[in-house]
Amino acid sequence: MAIALRESQLWLRSLTVKALREWVEGSKLLSSKHKEEIKKQYKRGYKQDYQPYEKPLYWAAFCATGQ
């Protein structure tokens, strides 16, 4: 489980706007409404290589501790 969590953190930290939009488009986990909201949010004003979740604020709370 710790490995999967770490991989998820690394993915989120390095996720670009372009990759996020591609993931959203192909996701079967999101509703159509949610997909449109996300695409709309990142449609304008962001460069395709911008990493909106690179700051620890977005991923640092999710960490494995203990044995």
# chains A, B, ... in the order shown; residues from 1 in each chain; ligands from 1
call {"tool": "residues_around", "arguments": {"residues": "range 53-61 of chain A", "least_positions_apart": "3", "cutoff": "7 Å", "atoms": "only C-alpha atoms", "output": "list in words"}}
result
Gln9, Leu12, Arg13, Ser14 and Leu15 of chain A
call {"tool": "write_last_selection", "arguments": {"atoms": "all heavy atoms", "output": "mmCIF file, in the first residue's frame"}}
result
data_model
loop_
_atom_site.group_PDB
_atom_site.id
_atom_site.type_symbol
_atom_site.label_atom_id
_atom_site.label_comp_id
_atom_site.auth_asym_id
_atom_site.auth_seq_id
_atom_site.Cartn_x
_atom_site.Cartn_y
_atom_site.Cartn_z
ATOM 1 N N GLN A 9 1.408 9.903 -5.268
ATOM 2 C CA GLN A 9 1.961 11.219 -4.954
ATOM 3 C C GLN A 9 2.859 11.717 -6.086
ATOM 4 O O GLN A 9 2.760 12.870 -6.505
ATOM 5 C CB GLN A 9 2.774 11.178 -3.670
ATOM 6 C CG GLN A 9 1.962 11.087 -2.427
ATOM 7 C CD GLN A 9 2.836 11.007 -1.189
ATOM 8 O OE1 GLN A 9 3.950 10.506 -1.220
ATOM 9 N NE2 GLN A 9 2.310 11.493 -0.083
ATOM 10 N N LEU A 12 0.740 12.754 -9.063
ATOM 11 C CA LEU A 12 0.043 14.013 -8.841
ATOM 12 C C LEU A 12 1.001 15.195 -8.878
ATOM 13 O O LEU A 12 0.698 16.227 -9.476
ATOM 14 C CB LEU A 12 -0.694 13.973 -7.503
ATOM 15 C CG LEU A 12 -1.631 15.129 -7.211
ATOM 16 C CD1 LEU A 12 -2.732 15.212 -8.259
ATOM 17 C CD2 LEU A 12 -2.239 14.982 -5.828
ATOM 18 N N ARG A 13 2.173 15.040 -8.286
ATOM 19 C CA ARG A 13 3.164 16.123 -8.259
ATOM 20 C C ARG A 13 3.635 16.511 -9.653
ATOM 21 O O ARG A 13 3.894 17.673 -9.923
ATOM 22 C CB ARG A 13 4.376 15.702 -7.435
ATOM 23 C CG ARG A 13 4.104 15.631 -5.973
ATOM 24 C CD ARG A 13 5.243 15.016 -5.229
ATOM 25 N NE ARG A 13 6.456 15.788 -5.348
ATOM 26 C CZ ARG A 13 7.602 15.472 -4.777
ATOM 27 N NH1 ARG A 13 7.675 14.383 -4.036
ATOM 28 N NH2 ARG A 13 8.661 16.212 -4.923
ATOM 29 N N SER A 14 3.756 15.535 -10.528
ATOM 30 C CA SER A 14 4.300 15.811 -11.860
ATOM 31 C C SER A 14 3.216 15.978 -12.925
ATOM 32 O O SER A 14 3.525 16.219 -14.085
ATOM 33 C CB SER A 14 5.247 14.686 -12.274
ATOM 34 O OG SER A 14 4.542 13.468 -12.376
ATOM 35 N N LEU A 15 1.959 15.892 -12.547
ATOM 36 C CA LEU A 15 0.847 15.988 -13.486
ATOM 37 C C LEU A 15 0.784 17.364 -14.135
ATOM 38 O O LEU A 15 0.781 18.379 -13.450
ATOM 39 C CB LEU A 15 -0.465 15.709 -12.741
ATOM 40 C CG LEU A 15 -1.719 15.615 -13.578
ATOM 41 C CD1 LEU A 15 -1.672 14.372 -14.458
ATOM 42 C CD2 LEU A 15 -2.941 15.581 -12.665
#
call {"tool": "residues_around", "arguments": {"residues": "range 16-18 of chain A", "least_positions_apart": "5", "cutoff": "8 Å", "atoms": "only C-alpha atoms", "output": "list of chain:residue names"}}
result
A:Tyr42, A:Tyr46, A:Lys47, A:Gln48, A:Asp49, A:Tyr50, A:Gln51, A:Pro52
call {"tool": "select_by_dssp", "arguments": {"residues": "chain A", "states": "alpha helix (DSSP H)", "output": "ChimeraX atom specification"}}
result
/A:2-14,17-26,32-41,56-59
call {"tool": "residues_around", "arguments": {"residues": "Ile3 in chain A", "least_positions_apart": "5", "cutoff": "12 Å", "atoms": "only C-alpha atoms", "output": "ChimeraX atom specification"}}
result
/A:8-10,63-65
call {"tool": "write_last_selection", "arguments": {"atoms": "N, CA and C atoms", "output": "PDB file, in the first residue's frame"}}
result
ATOM      1  N   SER A   8       1.244   7.357  -6.397  1.00  0.00           N
ATOM      2  CA  SER A   8       0.158   8.322  -6.607  1.00  0.00           C
ATOM      3  C   SER A   8       0.634   9.740  -6.326  1.00  0.00           C
ATOM      4  N   GLN A   9       1.408   9.903  -5.268  1.00  0.00           N
ATOM      5  CA  GLN A   9       1.961  11.219  -4.954  1.00  0.00           C
ATOM      6  C   GLN A   9       2.859  11.717  -6.086  1.00  0.00           C
ATOM      7  N   LEU A  10       3.732  10.864  -6.562  1.00  0.00           N
ATOM      8  CA  LEU A  10       4.642  11.256  -7.640  1.00  0.00           C
ATOM      9  C   LEU A  10       3.871  11.623  -8.901  1.00  0.00           C
ATOM     10  N   CYS A  63       0.249  10.315   3.314  1.00  0.00           N
ATOM     11  CA  CYS A  63       1.514   9.617   3.501  1.00  0.00           C
ATOM     12  C   CYS A  63       1.314   8.415   4.414  1.00  0.00           C
ATOM     13  N   ALA A  64       2.109   7.398   4.177  1.00  0.00           N
ATOM     14  CA  ALA A  64       2.037   6.195   4.994  1.00  0.00           C
ATOM     15  C   ALA A  64       3.017   6.334   6.154  1.00  0.00           C
ATOM     16  N   THR A  65       2.546   5.961   7.344  1.00  0.00           N
ATOM     17  CA  THR A  65       3.400   5.990   8.529  1.00  0.00           C
ATOM     18  C   THR A  65       3.291   4.658   9.253  1.00  0.00           C
TER      19      THR A  65
END
